[in-house]
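A short write-up of the structure that comes next.
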Amino acid sequence: MSVNVQRRVVSPSNDEYVGRAWQLKERIRREDGVLRQRRRFFENAYERSTVYLYLDRGTDRLIGFAAVRRDGYILFLAVSTDYRGQGFGKRLVARVAEDYGSVTCHARTTNEEALNFYKRLGFEVKRRIDSYYEDGGDAYYLQLGEEDGIRERLANLLGR
């Protein structure tokens, strides 16, 4: 499917697209059984983050987004199931990597799809954290690159 994509960056304290991001995250949660958070927690985190978004110009649908803290930690990464397999998740991570010397995140130890995605991009498991999630689930803390290797990893992500 060919998609005419609009890229947007939303600065911290701007709640533009927060409702659409919540709806996408909740749709993914229902379909995949992941990413469960309370709405107010999500909104607060979103509003404190820089948010990278991809929108479908033809339908004005939110394709995906990455909400990132100022230290390069990805709080939320979500791509609509309708657009998966087209490289949007990889491009979101690459876009984040352009702005930060190191990109980090957590992933549930049981979420094989997410773990495989991050590992394919070059993330490394730095440590396991037992009972990280509110429901008692365990997480891995993952990191992409260090200051000296992020440019090479970014080039690899984008196939350059």
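Ordered as shown in the structure tokens, chains take letters A, B, and onward, while each chain numbers its residues from 1 and ligands are numbered from 1 in the order shown.
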Review point. What are the DSSP helix (DSSP H, G or I) residues of chain A, as number ranges by chain?
Key: A: 18-32, 39-47, 81-83, 88-99, 112-121, 150-157
Point to revise | DSSP-assigned strand (DSSP E) members of chain A, reported as a PyMOL selection string | key: chain A and resi 5-10+50-56+62-68+74-79+103-108+124-129+139-144
Serialized selection, N, CA and C atoms, as a compact mmCIF listing (two decimals), in the first residue's frame:
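Produced file selection10.txt, reproduced below:
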```txt
# COMPACT_ATOMS: atom_id res chain seq x y z
N VAL A 5 2.76 10.31 3.42
CA VAL A 5 2.98 10.47 4.86
C VAL A 5 3.33 11.91 5.21
N GLN A 6 2.70 12.38 6.27
CA GLN A 6 3.07 13.66 6.87
C GLN A 6 3.78 13.36 8.18
N ARG A 7 4.95 13.96 8.37
CA ARG A 7 5.72 13.79 9.61
C ARG A 7 5.49 15.02 10.47
N ARG A 8 5.28 14.80 11.75
CA ARG A 8 5.09 15.92 12.68
C ARG A 8 5.91 15.67 13.93
N VAL A 9 6.37 16.74 14.55
CA VAL A 9 7.01 16.66 15.86
C VAL A 9 6.24 17.62 16.76
N VAL A 10 5.73 17.09 17.87
CA VAL A 10 4.96 17.87 18.83
C VAL A 10 5.84 18.09 20.05
N THR A 50 8.49 14.85 23.89
CA THR A 50 8.51 15.22 22.48
C THR A 50 7.87 14.03 21.77
N VAL A 51 6.91 14.31 20.90
CA VAL A 51 6.18 13.23 20.24
C VAL A 51 6.42 13.32 18.74
N TYR A 52 6.93 12.24 18.19
CA TYR A 52 7.14 12.10 16.75
C TYR A 52 5.95 11.34 16.20
N LEU A 53 5.32 11.91 15.15
CA LEU A 53 4.12 11.30 14.60
C LEU A 53 4.24 11.13 13.09
N TYR A 54 3.56 10.11 12.59
CA TYR A 54 3.34 9.94 11.16
C TYR A 54 1.85 9.90 10.95
N LEU A 55 1.39 10.72 10.00
CA LEU A 55 -0.02 10.80 9.64
C LEU A 55 -0.17 10.43 8.18
N ASP A 56 -1.27 9.76 7.85
CA ASP A 56 -1.61 9.45 6.46
C ASP A 56 -2.32 10.68 5.89
N LEU A 62 -3.81 8.65 12.09
CA LEU A 62 -2.54 8.55 12.78
C LEU A 62 -1.95 7.17 12.48
N ILE A 63 -0.82 7.15 11.82
CA ILE A 63 -0.14 5.91 11.46
C ILE A 63 0.58 5.35 12.68
N GLY A 64 1.31 6.23 13.36
CA GLY A 64 2.07 5.80 14.53
C GLY A 64 2.72 6.98 15.21
N PHE A 65 3.23 6.72 16.40
CA PHE A 65 3.88 7.78 17.15
C PHE A 65 4.90 7.19 18.13
N ALA A 66 5.85 8.05 18.49
CA ALA A 66 6.82 7.73 19.55
C ALA A 66 6.85 8.93 20.48
N ALA A 67 6.55 8.71 21.75
CA ALA A 67 6.64 9.76 22.78
C ALA A 67 7.94 9.53 23.53
N VAL A 68 8.78 10.58 23.57
CA VAL A 68 10.16 10.44 24.03
C VAL A 68 10.50 11.48 25.09
N ILE A 74 12.20 6.15 25.14
CA ILE A 74 10.91 6.03 24.46
C ILE A 74 9.87 5.54 25.47
N LEU A 75 8.95 6.43 25.81
CA LEU A 75 7.86 6.08 26.73
C LEU A 75 6.81 5.22 26.04
N PHE A 76 6.45 5.62 24.83
CA PHE A 76 5.43 4.91 24.06
C PHE A 76 5.88 4.86 22.60
N LEU A 77 5.72 3.71 22.00
CA LEU A 77 5.94 3.54 20.57
C LEU A 77 4.77 2.72 20.07
N ALA A 78 4.02 3.26 19.13
CA ALA A 78 2.84 2.56 18.64
C ALA A 78 2.69 2.79 17.15
N VAL A 79 2.39 1.72 16.41
CA VAL A 79 2.08 1.80 14.99
C VAL A 79 0.79 1.05 14.77
N VAL A 103 19.24 5.84 22.67
CA VAL A 103 17.81 5.62 22.73
C VAL A 103 17.57 4.41 23.63
N THR A 104 16.67 4.56 24.60
CA THR A 104 16.36 3.47 25.52
C THR A 104 14.85 3.28 25.63
N CYS A 105 14.46 2.12 26.16
CA CYS A 105 13.05 1.82 26.39
C CYS A 105 12.95 0.58 27.27
N HIS A 106 11.77 0.27 27.69
CA HIS A 106 11.47 -0.98 28.37
C HIS A 106 10.54 -1.81 27.48
N ALA A 107 10.65 -3.11 27.58
CA ALA A 107 9.73 -4.01 26.89
C ALA A 107 9.42 -5.17 27.82
N ARG A 108 8.18 -5.57 27.82
CA ARG A 108 7.73 -6.69 28.64
C ARG A 108 8.49 -7.94 28.21
N GLU A 124 20.06 -3.57 22.57
CA GLU A 124 20.63 -4.62 23.41
C GLU A 124 19.94 -4.60 24.76
N VAL A 125 19.72 -5.80 25.30
CA VAL A 125 19.15 -5.91 26.65
C VAL A 125 20.24 -5.54 27.63
N LYS A 126 19.98 -4.52 28.45
CA LYS A 126 20.95 -4.08 29.44
C LYS A 126 20.69 -4.73 30.80
N ARG A 127 19.41 -4.95 31.11
CA ARG A 127 19.09 -5.62 32.37
C ARG A 127 17.62 -6.03 32.38
N ARG A 128 17.32 -6.97 33.25
CA ARG A 128 15.95 -7.42 33.49
C ARG A 128 15.47 -6.78 34.79
N ILE A 129 14.23 -6.33 34.81
CA ILE A 129 13.66 -5.72 36.00
C ILE A 129 12.41 -6.51 36.37
N ALA A 139 10.18 -6.72 32.97
CA ALA A 139 10.58 -5.96 31.79
C ALA A 139 12.07 -6.11 31.55
N TYR A 140 12.44 -5.88 30.30
CA TYR A 140 13.83 -5.70 29.95
C TYR A 140 14.05 -4.22 29.69
N TYR A 141 15.20 -3.71 30.13
CA TYR A 141 15.62 -2.36 29.80
C TYR A 141 16.53 -2.49 28.59
N LEU A 142 16.18 -1.83 27.50
CA LEU A 142 16.87 -1.96 26.23
C LEU A 142 17.54 -0.65 25.84
N GLN A 143 18.68 -0.75 25.14
CA GLN A 143 19.38 0.45 24.71
C GLN A 143 19.88 0.27 23.29
N LEU A 144 19.74 1.34 22.51
CA LEU A 144 20.28 1.41 21.16
C LEU A 144 21.44 2.37 21.16
```
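Of the residues under consideration (A:Lys119, A:Glu43, A:Glu112, A:Asp135), A:Glu43 shows the shortest atom-to-atom contact distance to Gly19 in chain A when counting only C-alpha atoms.
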Practice item. Determine, counting only C-alpha atoms, which protein, DNA and RNA residues have an atom within 9 Å of an atom of Asn14 in chain A; residues of the same chain fewer than 5 positions away are not included. Present the result as a PyMOL selection string. Key: chain A and resi 46-50
Selection from above, C-alpha atoms, as a PDB file, in the first residue's frame, can you write it?
```
ATOM      1  CA  TYR A  46       2.567  12.507  26.505  1.00  0.00           C
ATOM      2  CA  GLU A  47       2.415  16.166  27.490  1.00  0.00           C
ATOM      3  CA  ARG A  48       5.918  15.995  29.032  1.00  0.00           C
ATOM      4  CA  SER A  49       7.375  14.321  25.945  1.00  0.00           C
ATOM      5  CA  THR A  50       8.507  15.222  22.481  1.00  0.00           C
TER       6      THR A  50
END
```
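The two atoms in question, CA of Asn4 in chain A and CA of Tyr83 in chain A, are spaced 12.1 Å apart.
Using only C-alpha atoms, the smallest distance between any of A:Phe41, A:Tyr73, A:Tyr17, A:Tyr132 and Tyr100 in chain A comes from A:Tyr73.
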